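This report concerns only the one structure given below.
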Amino acid sequence: VINTYIDRAMSGTNDNRNDFQKMIQDSNKKNFDYVIVYKLDRFSRNRYDSAMYKAILKKNGVKVLSACEQISDNPEGIILESLLEGMAEYYSAELSQKVKRGQQESLKKKNYLGGKIPFGYVVKDKKFIIDEDSANIVKEIFKRFSDGETAKNILDDLKHRGIKNSYNRFFCLNSLMNLLKNKKYIGIFNYGSSEIEDYLPPIITKDLFNDVNQRILINSRTPAKYKANINYLLSGKLFCGNCNTVMSGESGTSKHKNTYYYYKCFKKKKNSMACDKKTIQKSWIEELIINLTMKHIFANPLYNTIINSIVKIYNEEIVSDITLKTLTTNYTKTQHEIENILNAIKSGIKSTSLQKELIKLETELADLEVNIEKQKNISAQPINKSHIEFWFEQFKDLSINNEKACQKLIEAFIHKVILYNNKVVVIYNHSGENHQEIKMSELEQLCSNTLTLAES
Ligand SMILES: [Zn+2]
């Protein structure tokens with residue numbers, strides 16, 4: 001556990017939970033993989049928000065785990081959440097489109113568009129201007145690095161001289177490397193996927209910049225990055241049947257320098273004597289589980305049952321939009337309080353604290369008004385069977401090579417996979433026939449199928 005985020009005595013019914021917001025922000029730094037909550041209802045006020053925040057976390061490679069819940073009260077909820085996540089992705093893409101359109105004008109004028117101002121520049125009248133003092137430091141750093149001095153040496157010297165970055169902190173290896181890679185110093189501004197030249201006045205010549213970045217490329221060792229790119233689709237879902245411990249993804253290199261990927265019992269990983277479960281090849285088990293799941297969910301009448309219950313719980317939830325109700329109640333309450341103060345003032349009471357209170361309440365009221373409008377907009381529309389069916393379609397005839405869709409399938413439908421020596425048990429996220437048990441002997445058959453599938 002690297003950190004705890006606690007918002008005491010808060011109901012989880014509003015977004016302004018400071019620690020919660022901080023946790024979401026910190027996920028950006030990518031130094032944790034999981035967020036553990038006591039119960040999922042602590043995570044956010046409704047499923048829609050939950051999906052929104054989970055989508056952000058997921059982008060940063062973070063998963064949300066619940067300490068208490070094994071399978072939720074309504075198992076279809078998990079499938080629904082996965083569906084909503086898709087919607088959240090869609091909405092945030094749409095939102096950023098809108099933002100982009102608004103920024104086009106500023107872009108043409110080469111204006112500052114917000115965000116971090118790089119060391120060496122200041123912003124005046126919306127334009128980037130070179131700040132001579134700090135720009136000289138930038139030049140010096142580039143020059144020294146290009147001359148072959150180590151980053152550590154440069155850092156020590158900067159610290160010794162008391163030179164700090166724009167955040168009034170000493171440079172660290174990360175910030176120094178980011179500075180050296182920042183194309184703004186040669187005038188290039190990155191916008192989305194495009195690069196705009198001559199956007200800001202250059203501090204460094206292109207030759208020096210290229211020289212430095214060539215050097216960085218040569219110096220950098222990439223194995224750590226490489227490792228992070230491997231996606232263990234069953235991580236957190238696969239369990240050792242011997243000792244009921246999670247099996248985690250690992251990689252190893254053979255004598256012939258081939259890298260291979262597998263899952264290993266976590267207990268065994270800590271102590272090789274603690275469990276005798278053999279490791280299992282990543283691709284083998286993933287393919288098997290994906291094939292089983294596809295067959296399983298598209299089998300009638302299960303398919304219809306799942307869809308019907310998703311429609312039901314979703315539509316039930318929109319009717320009871322607690323957030324909107326709470327906001328409206330607060331609105332009426334605040335209006336009432338304002339009236340009381342106005343009446344007091346009318347009756348001749350003069351008090352500065354009363355006036356301050358009035359201003360405070362009026363601000364609150366305006367704020368509530370905005371939030372009510374917002375909430376009305378995000379309150380989702382009812383859905384019907386065809387919406388869900390459309391979403392389900394993506395999993396039909398899913399190719400094993402489509403990693404993203406496979407991941408979605410596993411997240412949406414699989415609760416747990418338990419790997420025994422003689423069988424595999426799959427527990428699904430929906431109620432009804434949610435267990436599937438496959439003996440190893442049957443597996444032989446299935447596996448030859450999956451292998452053919454991969455080859456084709
Ligand atoms: Zn084990």
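Letters A, B, ... mark the chains of the structure tokens in the order given; residue numbers begin at 1 per chain; ligand numbers begin at 1, in order shown.
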
Step one, run DSSP on the backbone; step two, keep only residues of region 363-446 of chain A assigned to strand (DSSP E or B); then write them as number ranges by chain. A: 414-419, 423-428, 435-439

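Neighbours of Tyr260 (chain A) closer than or equal to 12 Å, with only C-alpha atoms counted and sequence neighbours fewer than 3 positions away skipped, come out as Lys227, Ile230, Gly249, Glu250, Ser251, Gly252, Thr253, Ser254, Lys255, His256, Lys257, Tyr263, Thr279, Ile280, Gln281, Lys282, Ser283 and Trp284 of chain A.
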
Dump C-alpha atoms for the selected residues as a tab-separated table (two decimals), in the first residue's frame?
```
chain	number	residue	atom	x	y	z
A	227	LYS	CA	7.66	-5.07	-19.67
A	230	ILE	CA	2.60	-6.78	-21.98
A	249	GLY	CA	1.71	-12.40	-14.81
A	250	GLU	CA	5.44	-12.85	-15.29
A	251	SER	CA	7.94	-13.09	-18.05
A	252	GLY	CA	11.20	-14.90	-18.41
A	253	THR	CA	13.95	-15.28	-20.96
A	254	SER	CA	15.04	-18.64	-22.28
A	255	LYS	CA	18.59	-19.71	-23.08
A	256	HIS	CA	17.99	-18.70	-26.68
A	257	LYS	CA	16.91	-15.26	-25.52
A	263	TYR	CA	1.06	-16.83	-14.91
A	279	THR	CA	3.15	-21.99	-14.08
A	280	ILE	CA	0.78	-21.69	-16.99
A	281	GLN	CA	1.49	-20.24	-20.39
A	282	LYS	CA	-0.17	-16.85	-20.83
A	283	SER	CA	-1.48	-17.24	-24.35
A	284	TRP	CA	-2.75	-20.77	-23.73
```

At a cut-off of 10 Å, can you tabulate as JSON lines every residue of region 174-264 of chain A near region 286-303 of chain A together with its closest atom pair and the distance in Å to one decimal, using only C-alpha atoms and ordering rows by chain then number?
```
{"residue": "A:Tyr232", "atom": "CA", "partner": "A:Glu286", "partner_atom": "CA", "distance": 8.6}
{"residue": "A:Leu233", "atom": "CA", "partner": "A:Glu286", "partner_atom": "CA", "distance": 6.9}
{"residue": "A:Leu234", "atom": "CA", "partner": "A:Glu286", "partner_atom": "CA", "distance": 6.9}
{"residue": "A:Leu238", "atom": "CA", "partner": "A:Glu286", "partner_atom": "CA", "distance": 9.9}
```

With only C-alpha atoms and all ligand atoms counted, collect every polymer residue having an atom within 9 Å of ligand 1; state the result as a ChimeraX atom specification. /A:239-247,264-269,274-278

Near region 202-212 of chain A, within 10 Å and counting only C-alpha atoms, which residues show up once chain neighbours fewer than 3 positions away are dropped, as number ranges by chain? A: 120-121, 129-132, 135-136, 138-140, 142-148, 180-188, 197-199, 215-217

Just-selected residues, N, CA, C and O atoms written as a short mmCIF file (atom, residue, chain, number, x, y, z; two decimals), in the first residue's frame:
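This is the output file out14.cif:
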```
data_model
loop_
_atom_site.label_atom_id
_atom_site.label_comp_id
_atom_site.auth_asym_id
_atom_site.auth_seq_id
_atom_site.Cartn_x
_atom_site.Cartn_y
_atom_site.Cartn_z
N GLY A 120 11.96 28.56 -18.86
CA GLY A 120 12.62 29.31 -19.93
C GLY A 120 11.66 30.29 -20.61
O GLY A 120 12.08 31.14 -21.37
N TYR A 121 10.39 30.10 -20.34
CA TYR A 121 9.38 30.98 -20.95
C TYR A 121 8.51 31.62 -19.88
O TYR A 121 8.39 31.10 -18.77
N ILE A 129 6.78 34.12 -24.20
CA ILE A 129 7.92 35.02 -24.37
C ILE A 129 9.12 34.38 -23.67
O ILE A 129 8.95 33.72 -22.62
N ILE A 130 10.31 34.56 -24.25
CA ILE A 130 11.50 34.00 -23.62
C ILE A 130 11.85 34.78 -22.36
O ILE A 130 11.85 36.01 -22.36
N ASP A 131 12.09 34.03 -21.28
CA ASP A 131 12.54 34.64 -20.05
C ASP A 131 14.05 34.48 -20.01
O ASP A 131 14.56 33.36 -19.84
N GLU A 132 14.78 35.60 -20.20
CA GLU A 132 16.22 35.51 -20.44
C GLU A 132 16.97 34.68 -19.40
O GLU A 132 17.75 33.79 -19.75
N ALA A 135 16.03 31.02 -19.56
CA ALA A 135 16.38 30.50 -20.89
C ALA A 135 17.88 30.22 -20.98
O ALA A 135 18.31 29.26 -21.61
N ASN A 136 18.68 31.05 -20.30
CA ASN A 136 20.12 30.81 -20.29
C ASN A 136 20.47 29.49 -19.61
O ASN A 136 21.39 28.80 -20.02
N VAL A 138 18.48 26.90 -19.58
CA VAL A 138 18.07 25.87 -20.53
C VAL A 138 19.19 25.64 -21.54
O VAL A 138 19.60 24.51 -21.80
N LYS A 139 19.72 26.75 -22.09
CA LYS A 139 20.80 26.65 -23.07
C LYS A 139 21.99 25.91 -22.47
O LYS A 139 22.58 25.04 -23.09
N GLU A 140 22.32 26.30 -21.23
CA GLU A 140 23.46 25.69 -20.56
C GLU A 140 23.27 24.17 -20.40
O GLU A 140 24.17 23.39 -20.70
N PHE A 142 21.37 22.08 -22.13
CA PHE A 142 21.48 21.41 -23.43
C PHE A 142 22.95 21.27 -23.85
O PHE A 142 23.40 20.23 -24.27
N LYS A 143 23.67 22.39 -23.71
CA LYS A 143 25.07 22.43 -24.14
C LYS A 143 25.90 21.40 -23.37
O LYS A 143 26.64 20.60 -23.95
N ARG A 144 25.74 21.40 -22.04
CA ARG A 144 26.55 20.51 -21.21
C ARG A 144 26.22 19.05 -21.49
O ARG A 144 27.11 18.21 -21.52
N PHE A 145 24.93 18.78 -21.67
CA PHE A 145 24.54 17.39 -21.94
C PHE A 145 25.11 16.93 -23.28
O PHE A 145 25.60 15.82 -23.44
N SER A 146 25.04 17.85 -24.25
CA SER A 146 25.57 17.54 -25.58
C SER A 146 27.08 17.33 -25.54
O SER A 146 27.63 16.53 -26.29
N ASP A 147 27.75 18.04 -24.65
CA ASP A 147 29.20 17.89 -24.51
C ASP A 147 29.59 16.61 -23.77
O ASP A 147 30.77 16.35 -23.54
N GLY A 148 28.58 15.85 -23.36
CA GLY A 148 28.87 14.55 -22.78
C GLY A 148 28.85 14.49 -21.26
O GLY A 148 29.15 13.47 -20.66
N LEU A 180 14.99 18.17 -21.67
CA LEU A 180 15.83 17.91 -22.83
C LEU A 180 15.03 17.36 -24.02
O LEU A 180 15.46 17.48 -25.16
N LYS A 181 13.88 16.76 -23.72
CA LYS A 181 13.08 16.18 -24.81
C LYS A 181 12.00 17.15 -25.30
O LYS A 181 11.26 16.83 -26.22
N ASN A 182 11.87 18.29 -24.64
CA ASN A 182 10.75 19.18 -24.93
C ASN A 182 10.98 19.98 -26.22
O ASN A 182 11.86 20.84 -26.31
N LYS A 183 10.15 19.68 -27.20
CA LYS A 183 10.32 20.31 -28.51
C LYS A 183 9.94 21.79 -28.54
O LYS A 183 10.21 22.48 -29.52
N LYS A 184 9.30 22.25 -27.47
CA LYS A 184 8.96 23.66 -27.42
C LYS A 184 10.23 24.52 -27.51
O LYS A 184 10.19 25.63 -28.02
N TYR A 185 11.35 23.98 -27.02
CA TYR A 185 12.59 24.76 -27.04
C TYR A 185 13.11 25.00 -28.46
O TYR A 185 13.98 25.82 -28.67
N ILE A 186 12.58 24.24 -29.44
CA ILE A 186 12.93 24.58 -30.82
C ILE A 186 11.69 25.16 -31.53
O ILE A 186 11.59 25.14 -32.75
N GLY A 187 10.74 25.61 -30.73
CA GLY A 187 9.60 26.33 -31.29
C GLY A 187 8.40 25.49 -31.67
O GLY A 187 7.39 26.00 -32.13
N ILE A 188 8.53 24.16 -31.46
CA ILE A 188 7.44 23.29 -31.90
C ILE A 188 6.41 23.08 -30.80
O ILE A 188 6.75 22.80 -29.65
N GLU A 197 5.04 24.12 -36.14
CA GLU A 197 6.36 24.76 -36.05
C GLU A 197 6.22 26.26 -35.82
O GLU A 197 5.18 26.86 -36.10
N ASP A 198 7.27 26.86 -35.31
CA ASP A 198 7.32 28.30 -35.05
C ASP A 198 6.16 28.78 -34.20
O ASP A 198 5.64 29.88 -34.40
N TYR A 199 5.73 27.96 -33.28
CA TYR A 199 4.61 28.37 -32.44
C TYR A 199 5.09 29.30 -31.35
O TYR A 199 4.42 30.23 -30.96
N ARG A 215 21.58 11.39 -28.29
CA ARG A 215 22.33 10.88 -27.14
C ARG A 215 21.40 10.22 -26.13
O ARG A 215 21.73 9.17 -25.57
N ILE A 216 20.25 10.83 -25.88
CA ILE A 216 19.29 10.26 -24.92
C ILE A 216 18.85 8.88 -25.40
O ILE A 216 18.77 7.93 -24.65
N LEU A 217 18.59 8.80 -26.69
CA LEU A 217 18.11 7.55 -27.29
C LEU A 217 19.13 6.44 -27.11
O LEU A 217 18.79 5.31 -26.75
#
```

Which residues are close to Ile24 (chain A), i.e. within 12 Å by only C-alpha atoms, leaving aside same-chain residues fewer than 5 positions away? Reply as an mmCIF file with N, CA, C and O atoms, in the first residue's frame.
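Wrote out_14.cif, looks like this:
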```cif
data_model
loop_
_atom_site.group_PDB
_atom_site.id
_atom_site.type_symbol
_atom_site.label_atom_id
_atom_site.label_comp_id
_atom_site.auth_asym_id
_atom_site.auth_seq_id
_atom_site.Cartn_x
_atom_site.Cartn_y
_atom_site.Cartn_z
ATOM 1 N N TYR A 5 -6.172 7.305 0.691
ATOM 2 C CA TYR A 5 -6.937 8.518 0.399
ATOM 3 C C TYR A 5 -8.226 8.415 1.199
ATOM 4 O O TYR A 5 -9.002 7.491 0.999
ATOM 5 N N ASP A 15 -18.801 14.940 -6.060
ATOM 6 C CA ASP A 15 -17.483 14.749 -6.651
ATOM 7 C C ASP A 15 -16.390 15.504 -5.934
ATOM 8 O O ASP A 15 -15.230 15.309 -6.202
ATOM 9 N N ASN A 16 -16.772 16.422 -5.034
ATOM 10 C CA ASN A 16 -15.765 17.297 -4.458
ATOM 11 C C ASN A 16 -15.008 16.655 -3.312
ATOM 12 O O ASN A 16 -14.576 17.319 -2.404
ATOM 13 N N ARG A 17 -14.923 15.341 -3.353
ATOM 14 C CA ARG A 17 -14.163 14.679 -2.314
ATOM 15 C C ARG A 17 -12.691 14.899 -2.625
ATOM 16 O O ARG A 17 -12.188 14.400 -3.617
ATOM 17 N N ASN A 18 -12.020 15.658 -1.765
ATOM 18 C CA ASN A 18 -10.663 16.091 -2.084
ATOM 19 C C ASN A 18 -9.694 14.941 -2.292
ATOM 20 O O ASN A 18 -8.959 14.909 -3.258
ATOM 21 N N ASP A 19 -9.709 14.012 -1.341
ATOM 22 C CA ASP A 19 -8.749 12.924 -1.455
ATOM 23 C C ASP A 19 -9.063 12.048 -2.658
ATOM 24 O O ASP A 19 -8.172 11.541 -3.323
ATOM 25 N N LYS A 29 0.541 9.619 -12.384
ATOM 26 C CA LYS A 29 1.966 9.394 -12.176
ATOM 27 C C LYS A 29 2.346 7.945 -12.396
ATOM 28 O O LYS A 29 3.518 7.596 -12.390
ATOM 29 N N LYS A 30 1.341 7.103 -12.502
ATOM 30 C CA LYS A 30 1.539 5.684 -12.797
ATOM 31 C C LYS A 30 2.440 4.976 -11.804
ATOM 32 O O LYS A 30 3.246 4.144 -12.188
ATOM 33 N N PHE A 32 1.031 3.427 -9.082
ATOM 34 C CA PHE A 32 0.288 2.326 -8.463
ATOM 35 C C PHE A 32 -0.596 1.636 -9.498
ATOM 36 O O PHE A 32 -0.952 2.221 -10.510
ATOM 37 N N TYR A 34 -3.351 -0.591 -8.491
ATOM 38 C CA TYR A 34 -4.702 -0.869 -8.006
ATOM 39 C C TYR A 34 -5.164 0.192 -7.023
ATOM 40 O O TYR A 34 -4.361 0.768 -6.295
ATOM 41 N N VAL A 35 -6.465 0.411 -7.000
ATOM 42 C CA VAL A 35 -7.074 1.192 -5.936
ATOM 43 C C VAL A 35 -7.991 0.229 -5.206
ATOM 44 O O VAL A 35 -8.819 -0.436 -5.838
ATOM 45 N N PHE A 43 -16.935 4.207 -3.977
ATOM 46 C CA PHE A 43 -16.128 4.727 -5.074
ATOM 47 C C PHE A 43 -16.785 5.924 -5.731
ATOM 48 O O PHE A 43 -16.153 6.938 -5.975
ATOM 49 N N SER A 44 -18.056 5.830 -6.002
ATOM 50 C CA SER A 44 -18.715 7.007 -6.551
ATOM 51 C C SER A 44 -20.211 6.902 -6.406
ATOM 52 O O SER A 44 -20.744 5.883 -6.005
ATOM 53 N N SER A 50 -19.044 6.245 -11.778
ATOM 54 C CA SER A 50 -18.081 5.186 -11.521
ATOM 55 C C SER A 50 -17.381 4.801 -12.821
ATOM 56 O O SER A 50 -16.165 4.680 -12.869
ATOM 57 N N MET A 52 -17.072 6.641 -15.488
ATOM 58 C CA MET A 52 -16.251 7.766 -15.936
ATOM 59 C C MET A 52 -14.882 7.738 -15.249
ATOM 60 O O MET A 52 -13.844 7.852 -15.894
ATOM 61 N N TYR A 53 -14.921 7.620 -13.923
ATOM 62 C CA TYR A 53 -13.657 7.644 -13.177
ATOM 63 C C TYR A 53 -12.824 6.407 -13.453
ATOM 64 O O TYR A 53 -11.610 6.466 -13.561
ATOM 65 N N LYS A 54 -13.502 5.275 -13.562
ATOM 66 C CA LYS A 54 -12.758 4.052 -13.852
ATOM 67 C C LYS A 54 -12.081 4.137 -15.213
ATOM 68 O O LYS A 54 -10.985 3.615 -15.403
ATOM 69 N N ALA A 55 -12.754 4.818 -16.141
ATOM 70 C CA ALA A 55 -12.158 4.972 -17.472
ATOM 71 C C ALA A 55 -10.871 5.792 -17.381
ATOM 72 O O ALA A 55 -9.879 5.486 -18.042
ATOM 73 N N ILE A 56 -10.895 6.836 -16.546
ATOM 74 C CA ILE A 56 -9.680 7.641 -16.364
ATOM 75 C C ILE A 56 -8.578 6.786 -15.749
ATOM 76 O O ILE A 56 -7.441 6.767 -16.214
ATOM 77 N N LEU A 57 -8.950 6.057 -14.695
ATOM 78 C CA LEU A 57 -7.958 5.225 -14.012
ATOM 79 C C LEU A 57 -7.395 4.183 -14.959
ATOM 80 O O LEU A 57 -6.201 3.914 -14.986
ATOM 81 N N LYS A 58 -8.282 3.628 -15.762
ATOM 82 C CA LYS A 58 -7.860 2.575 -16.656
ATOM 83 C C LYS A 58 -6.847 3.084 -17.669
ATOM 84 O O LYS A 58 -5.886 2.401 -18.012
ATOM 85 N N LYS A 59 -7.088 4.303 -18.149
ATOM 86 C CA LYS A 59 -6.137 4.907 -19.062
ATOM 87 C C LYS A 59 -4.757 4.966 -18.427
ATOM 88 O O LYS A 59 -3.742 4.863 -19.100
ATOM 89 N N ASN A 60 -4.736 5.138 -17.104
ATOM 90 C CA ASN A 60 -3.462 5.194 -16.398
ATOM 91 C C ASN A 60 -3.030 3.830 -15.874
ATOM 92 O O ASN A 60 -2.135 3.730 -15.046
ATOM 93 N N GLY A 61 -3.700 2.810 -16.324
ATOM 94 C CA GLY A 61 -3.303 1.455 -15.955
ATOM 95 C C GLY A 61 -3.677 1.044 -14.546
ATOM 96 O O GLY A 61 -3.066 0.157 -13.976
ATOM 97 N N VAL A 62 -4.701 1.693 -13.984
ATOM 98 C CA VAL A 62 -5.086 1.391 -12.600
ATOM 99 C C VAL A 62 -6.444 0.695 -12.555
ATOM 100 O O VAL A 62 -7.382 1.098 -13.234
ATOM 101 N N LYS A 63 -6.525 -0.364 -11.757
ATOM 102 C CA LYS A 63 -7.786 -1.085 -11.599
ATOM 103 C C LYS A 63 -8.378 -0.829 -10.222
ATOM 104 O O LYS A 63 -7.649 -0.632 -9.264
ATOM 105 N N VAL A 64 -9.703 -0.867 -10.138
ATOM 106 C CA VAL A 64 -10.369 -0.680 -8.855
ATOM 107 C C VAL A 64 -10.781 -2.040 -8.299
ATOM 108 O O VAL A 64 -11.432 -2.824 -8.985
#
```

Per DSSP on the backbone, what are the alpha helix (DSSP H) residues of region 99-271 of chain A, as a VMD selection string? chain A and resid 99 to 108 132 to 146 151 to 160 173 to 181 206 to 219 223 to 228 266 to 270

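Residue nearest Ile196 (chain A), chosen from A:Ile410, A:Leu107, A:Met273, A:Ala51 and counting only C-alpha atoms: A:Leu107.
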
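If you look at CA of Asn111 (chain A) and CA of Leu200 (chain A), they are 8.9 Å away from each other.
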